[in-house]
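Data block for target_9.pdb (PDB, C-alpha atoms):
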```
ATOM      1  CA  MET U   1      20.277  19.505  12.976
ATOM      2  CA  THR U   2      16.502  19.438  12.972
ATOM      3  CA  LEU U   3      14.760  17.801  10.072
ATOM      4  CA  PRO U   4      11.474  19.267   8.879
ATOM      5  CA  THR U   5       8.534  17.049   9.636
ATOM      6  CA  LYS U   6       4.958  17.010   8.574
ATOM      7  CA  ARG U   7       2.498  16.521  11.345
ATOM      8  CA  TYR U   8      -0.391  14.208  10.793
ATOM      9  CA  HIS U   9      -3.121  14.292  13.346
ATOM     10  CA  VAL U  10      -4.563  11.164  14.831
ATOM     11  CA  THR U  11      -8.210  10.873  13.915
ATOM     12  CA  MET U  12     -10.793   9.977  16.489
ATOM     13  CA  THR U  13     -11.274   6.648  14.757
ATOM     14  CA  GLY U  14      -7.789   5.702  13.702
ATOM     15  CA  HIS U  15      -4.077   6.054  13.374
ATOM     16  CA  ARG U  16      -2.085   8.941  12.013
ATOM     17  CA  ILE U  17      -1.015   6.821   9.038
ATOM     18  CA  PHE U  18      -4.613   7.060   7.807
ATOM     19  CA  GLU U  19      -4.100  10.776   7.120
ATOM     20  CA  MET U  20      -0.759  10.398   5.352
ATOM     21  CA  PRO U  21      -0.834  11.101   1.621
ATOM     22  CA  PHE U  22      -0.438   8.049  -0.584
ATOM     23  CA  ALA U  23       2.041  10.188  -2.565
ATOM     24  CA  SER U  24       4.388  10.263   0.436
ATOM     25  CA  ILE U  25       4.385   6.468   0.807
ATOM     26  CA  TYR U  26       4.497   5.434  -2.844
ATOM     27  CA  PRO U  27       8.128   6.545  -3.468
ATOM     28  CA  HIS U  28       9.238   4.398  -0.528
ATOM     29  CA  TYR U  29       7.534   1.376  -2.070
ATOM     30  CA  VAL U  30       9.284   2.005  -5.399
ATOM     31  CA  ALA U  31      12.661   2.605  -3.733
ATOM     32  CA  LYS U  32      12.345  -0.611  -1.727
ATOM     33  CA  ALA U  33      11.641  -2.622  -4.872
ATOM     34  CA  GLU U  34      14.448  -0.957  -6.823
ATOM     35  CA  ARG U  35      16.977  -1.536  -4.001
ATOM     36  CA  LYS U  36      16.225  -5.242  -4.342
ATOM     37  CA  GLY U  37      16.540  -5.148  -8.140
ATOM     38  CA  GLN U  38      12.820  -5.172  -8.864
ATOM     39  CA  SER U  39      10.818  -2.966 -11.211
ATOM     40  CA  PRO U  40       8.646   0.008 -10.232
ATOM     41  CA  ALA U  41       6.153  -1.386 -12.749
ATOM     42  CA  ASP U  42       5.793  -4.459 -10.525
ATOM     43  CA  VAL U  43       4.922  -2.211  -7.582
ATOM     44  CA  ASP U  44       2.259  -0.549  -9.719
ATOM     45  CA  THR U  45       0.946  -3.941 -10.810
ATOM     46  CA  VAL U  46       0.362  -5.175  -7.266
ATOM     47  CA  ILE U  47      -1.184  -1.892  -6.102
ATOM     48  CA  LYS U  48      -3.531  -1.870  -9.105
ATOM     49  CA  TRP U  49      -4.410  -5.535  -8.522
ATOM     50  CA  LEU U  50      -5.259  -4.810  -4.888
ATOM     51  CA  THR U  51      -7.246  -1.613  -5.436
ATOM     52  CA  GLY U  52      -8.588  -1.730  -8.979
ATOM     53  CA  TYR U  53      -6.965   1.587  -9.892
ATOM     54  CA  SER U  54      -5.941   2.071 -13.529
ATOM     55  CA  ASP U  55      -2.583   3.606 -14.479
ATOM     56  CA  ALA U  56      -4.281   6.998 -14.781
ATOM     57  CA  GLY U  57      -6.132   6.540 -11.495
ATOM     58  CA  LEU U  58      -2.960   5.602  -9.668
ATOM     59  CA  GLN U  59      -1.155   8.641 -11.080
ATOM     60  CA  ALA U  60      -4.105  10.862 -10.073
ATOM     61  CA  ALA U  61      -3.956   9.481  -6.509
ATOM     62  CA  ILE U  62      -0.284  10.410  -6.377
ATOM     63  CA  ALA U  63      -0.805  13.834  -7.963
ATOM     64  CA  ASP U  64      -3.694  14.957  -5.771
ATOM     65  CA  GLU U  65      -1.983  13.713  -2.610
ATOM     66  CA  ARG U  66      -5.072  11.943  -1.328
ATOM     67  CA  THR U  67      -4.765  10.432   2.106
ATOM     68  CA  LEU U  68      -4.562   6.695   2.564
ATOM     69  CA  THR U  69      -8.120   6.870   3.912
ATOM     70  CA  ASP U  70      -9.290   8.446   0.655
ATOM     71  CA  PHE U  71      -7.005   6.282  -1.473
ATOM     72  CA  PHE U  72      -8.709   3.121  -0.241
ATOM     73  CA  ALA U  73     -12.199   4.656   0.021
ATOM     74  CA  GLN U  74     -11.964   5.733  -3.631
ATOM     75  CA  ALA U  75     -10.448   2.473  -4.839
ATOM     76  CA  PRO U  76     -12.502   1.376  -7.838
ATOM     77  CA  ALA U  77     -12.641  -2.319  -6.933
ATOM     78  CA  PHE U  78     -10.795  -3.690  -3.925
ATOM     79  CA  ASN U  79      -9.750  -7.197  -4.904
ATOM     80  CA  PRO U  80     -11.771  -9.914  -3.126
ATOM     81  CA  ASN U  81      -8.684 -12.163  -3.208
ATOM     82  CA  ALA U  82      -6.964  -9.714  -0.844
ATOM     83  CA  GLU U  83      -8.216 -11.973   1.942
ATOM     84  CA  LEU U  84      -5.677 -14.531   0.700
ATOM     85  CA  ILE U  85      -2.820 -12.202   1.710
ATOM     86  CA  THR U  86      -1.277 -13.665   4.837
ATOM     87  CA  GLY U  87       1.931 -13.301   6.754
ATOM     88  CA  VAL U  88       3.642 -10.877   9.068
ATOM     89  CA  ILE U  89       4.155  -7.193   8.353
ATOM     90  CA  CYS U  90       5.292  -4.679  10.961
ATOM     91  CA  GLY U  91       5.210  -7.439  13.556
ATOM     92  CA  LYS U  92       1.521  -8.203  13.018
ATOM     93  CA  ARG U  93      -0.174 -11.010  11.142
ATOM     94  CA  VAL U  94      -2.015  -9.355   8.258
ATOM     95  CA  GLU U  95      -4.933 -11.761   8.463
ATOM     96  CA  ASN U  96      -5.502 -10.892  12.152
ATOM     97  CA  ILE U  97      -5.674  -7.101  11.814
ATOM     98  CA  GLU U  98      -9.158  -6.016  12.846
ATOM     99  CA  ASP U  99      -9.337  -2.404  11.619
ATOM    100  CA  PRO U 100     -10.422  -2.650   7.950
ATOM    101  CA  LEU U 101      -8.379   0.334   6.739
ATOM    102  CA  MET U 102      -5.244  -0.729   8.607
ATOM    103  CA  LYS U 103      -5.671  -4.214   7.161
ATOM    104  CA  GLN U 104      -5.836  -2.794   3.622
ATOM    105  CA  ILE U 105      -2.723  -0.689   4.229
ATOM    106  CA  ARG U 106      -0.815  -3.678   5.593
ATOM    107  CA  GLN U 107      -2.004  -5.880   2.727
ATOM    108  CA  MET U 108      -0.514  -3.335   0.327
ATOM    109  CA  ASP U 109       2.702  -3.286   2.389
ATOM    110  CA  LYS U 110       2.861  -7.087   2.252
ATOM    111  CA  LEU U 111       2.424  -7.168  -1.532
ATOM    112  CA  VAL U 112       5.223  -4.629  -1.987
ATOM    113  CA  ASP U 113       7.450  -6.678   0.338
ATOM    114  CA  GLU U 114       6.789  -9.743  -1.790
ATOM    115  CA  VAL U 115       7.698  -7.808  -4.949
ATOM    116  CA  ALA U 116      10.925  -6.619  -3.316
ATOM    117  CA  LYS U 117      11.800 -10.191  -2.352
ATOM    118  CA  GLY U 118      11.457 -11.248  -5.985
ATOM    119  CA  LYS U 119       8.516 -13.560  -5.435
ATOM    120  CA  ALA U 120       6.822 -14.702  -8.649
ATOM    121  CA  MET U 121       4.060 -12.326  -9.728
ATOM    122  CA  ALA U 122       1.534 -15.161 -10.096
ATOM    123  CA  LYS U 123       2.075 -16.054  -6.426
ATOM    124  CA  ILE U 124       1.928 -12.423  -5.296
ATOM    125  CA  LEU U 125      -1.374 -11.934  -7.103
ATOM    126  CA  ARG U 126      -2.715 -15.143  -5.575
ATOM    127  CA  CYS U 127      -3.467 -16.664  -9.004
TER     128      CYS U 127
END
```
Represent the structure contained in this file as structure tokens.
Amino acid sequence: MTLPTKRYHVTMTGHRIFEMPFASIYPHYVAKAERKGQSPADVDTVIKWLTGYSDAGLQAAIADERTLTDFFAQAPAFNPNAELITGVICGKRVENIEDPLMKQIRQMDKLVDEVAKGKAMAKILRC
């Protein structure tokens, strides 16, 4: 059985994940949190904290299927405290990732992981 796949091209300056729609990744974040007994609203909270998107802006990003490149480029106010996000995600230390866009993507991944693990929201948001 062959599963249908979308093909994302690798840009000259980056990885194929950069061209993936945020809308294709978001449901995985929500499912991960829900599998661990956490709320989809908590996923939204950490994404909005990181990017500055409002509820409406986040829903628009999902609806228009903007790429991760555009999702972060159009983020209203990337949180300056994002630099406080540390730890390992996908086998890499977040704080050591050099590519700015990949670092932002992995910071978002790390926040969602922390939500799924049930970490206190004040700690996740680096308050």
If we count all atoms listed in the file, what is near Pro27 of chain U at a cut-off of 10 Å, once residues fewer than 5 positions away on the same chain are taken out, given as a list in words?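 Counting all atoms listed in the file, the residues come to Phe22, Lys32, Ala33, Pro40 and Ile62 of chain U.
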Please provide the set of residues having any atom within 9 Å of Val94 of chain U, restricted to only C-alpha atoms, with same-chain residues fewer than 6 positions apart removed, written as a VMD selection string. chain U and resid 85 to 88 103 to 104 106 to 107 110
Give me, please, the distance in Å between atom CA of Ala63 of chain U and atom CA of Tyr29 of chain U, quoted to one decimal. 16.1 Å
Need to verify the contact set: Leu50 of chain U, 8 Å, all atoms listed in the file, exclusion of same-chain residues closer than 3 positions in sequence. Can you return it as a ChimeraX atom specification? /U:46-47,78-79,82,108
For a quick check of your reading of the model, name the residues lying within 12 Å of the coordinate (4.9, 13.9, -7.0), counting all atoms listed in the file, and write them as a list in words. Pro21, Phe22, Ala23, Ser24, Ile25, Tyr26, Pro27, Leu58, Gln59, Ala60, Ala61, Ile62, Ala63, Asp64, Glu65 and Arg66 of chain U
Given all atoms listed in the file as the basis, pick out the residue of U:Phe71, U:Val115, U:Glu19, U:Ile97 nearest to Glu83 of chain U.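 When distances to Glu83 of chain U are compared using all atoms listed in the file, the smallest one comes from U:Ile97.
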Minimum-distance residue to Pro76 of chain U, chosen among U:Asn96, U:Gly91, U:Tyr53, U:Lys119 (using only C-alpha atoms):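 Nearest candidate to Pro76 of chain U out of U:Asn96, U:Gly91, U:Tyr53, U:Lys119: U:Tyr53.
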What separation in Å, quoted to one decimal, exists between atom CA of Pro80 of chain U and atom CA of Gly52 of chain U?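 According to the coordinates, atom CA of Pro80 of chain U and atom CA of Gly52 of chain U are separated by 10.6 Å.
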Between atom CA of Ala73 of chain U and atom CA of Ser39 of chain U, distance in Å (one decimal): 26.7 Å
Residue list as number ranges by chain for point (6.6, -4.8, -9.8), cut-off 12 Å, all atoms listed in the file: U: 29-34, 36-49, 111-122, 124-125
Would you put the residues from that selection into a file with C-alpha atoms, as a PDB file, keeping the file's coordinate frame?
```
ATOM      1  CA  TYR U  29       7.534   1.376  -2.070  1.00  0.00           C
ATOM      2  CA  VAL U  30       9.284   2.005  -5.399  1.00  0.00           C
ATOM      3  CA  ALA U  31      12.661   2.605  -3.733  1.00  0.00           C
ATOM      4  CA  LYS U  32      12.345  -0.611  -1.727  1.00  0.00           C
ATOM      5  CA  ALA U  33      11.641  -2.622  -4.872  1.00  0.00           C
ATOM      6  CA  GLU U  34      14.448  -0.957  -6.823  1.00  0.00           C
ATOM      7  CA  LYS U  36      16.225  -5.242  -4.342  1.00  0.00           C
ATOM      8  CA  GLY U  37      16.540  -5.148  -8.140  1.00  0.00           C
ATOM      9  CA  GLN U  38      12.820  -5.172  -8.864  1.00  0.00           C
ATOM     10  CA  SER U  39      10.818  -2.966 -11.211  1.00  0.00           C
ATOM     11  CA  PRO U  40       8.646   0.008 -10.232  1.00  0.00           C
ATOM     12  CA  ALA U  41       6.153  -1.386 -12.749  1.00  0.00           C
ATOM     13  CA  ASP U  42       5.793  -4.459 -10.525  1.00  0.00           C
ATOM     14  CA  VAL U  43       4.922  -2.211  -7.582  1.00  0.00           C
ATOM     15  CA  ASP U  44       2.259  -0.549  -9.719  1.00  0.00           C
ATOM     16  CA  THR U  45       0.946  -3.941 -10.810  1.00  0.00           C
ATOM     17  CA  VAL U  46       0.362  -5.175  -7.266  1.00  0.00           C
ATOM     18  CA  ILE U  47      -1.184  -1.892  -6.102  1.00  0.00           C
ATOM     19  CA  LYS U  48      -3.531  -1.870  -9.105  1.00  0.00           C
ATOM     20  CA  TRP U  49      -4.410  -5.535  -8.522  1.00  0.00           C
ATOM     21  CA  LEU U 111       2.424  -7.168  -1.532  1.00  0.00           C
ATOM     22  CA  VAL U 112       5.223  -4.629  -1.987  1.00  0.00           C
ATOM     23  CA  ASP U 113       7.450  -6.678   0.338  1.00  0.00           C
ATOM     24  CA  GLU U 114       6.789  -9.743  -1.790  1.00  0.00           C
ATOM     25  CA  VAL U 115       7.698  -7.808  -4.949  1.00  0.00           C
ATOM     26  CA  ALA U 116      10.925  -6.619  -3.316  1.00  0.00           C
ATOM     27  CA  LYS U 117      11.800 -10.191  -2.352  1.00  0.00           C
ATOM     28  CA  GLY U 118      11.457 -11.248  -5.985  1.00  0.00           C
ATOM     29  CA  LYS U 119       8.516 -13.560  -5.435  1.00  0.00           C
ATOM     30  CA  ALA U 120       6.822 -14.702  -8.649  1.00  0.00           C
ATOM     31  CA  MET U 121       4.060 -12.326  -9.728  1.00  0.00           C
ATOM     32  CA  ALA U 122       1.534 -15.161 -10.096  1.00  0.00           C
ATOM     33  CA  ILE U 124       1.928 -12.423  -5.296  1.00  0.00           C
ATOM     34  CA  LEU U 125      -1.374 -11.934  -7.103  1.00  0.00           C
TER      35      LEU U 125
END
```
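Remark: for Lys123 of chain U, the closest of the candidate residues U:Ala75, U:Leu101, U:Leu84, U:Met20 is U:Leu84 (distances computed over only C-alpha atoms).
Comparing the minimum interatomic distances between Arg126 of chain U and each of U:Gln74, U:Thr67, U:Ser54, U:Asn81, counting all atoms listed in the file, we find that U:Asn81 sits nearest.
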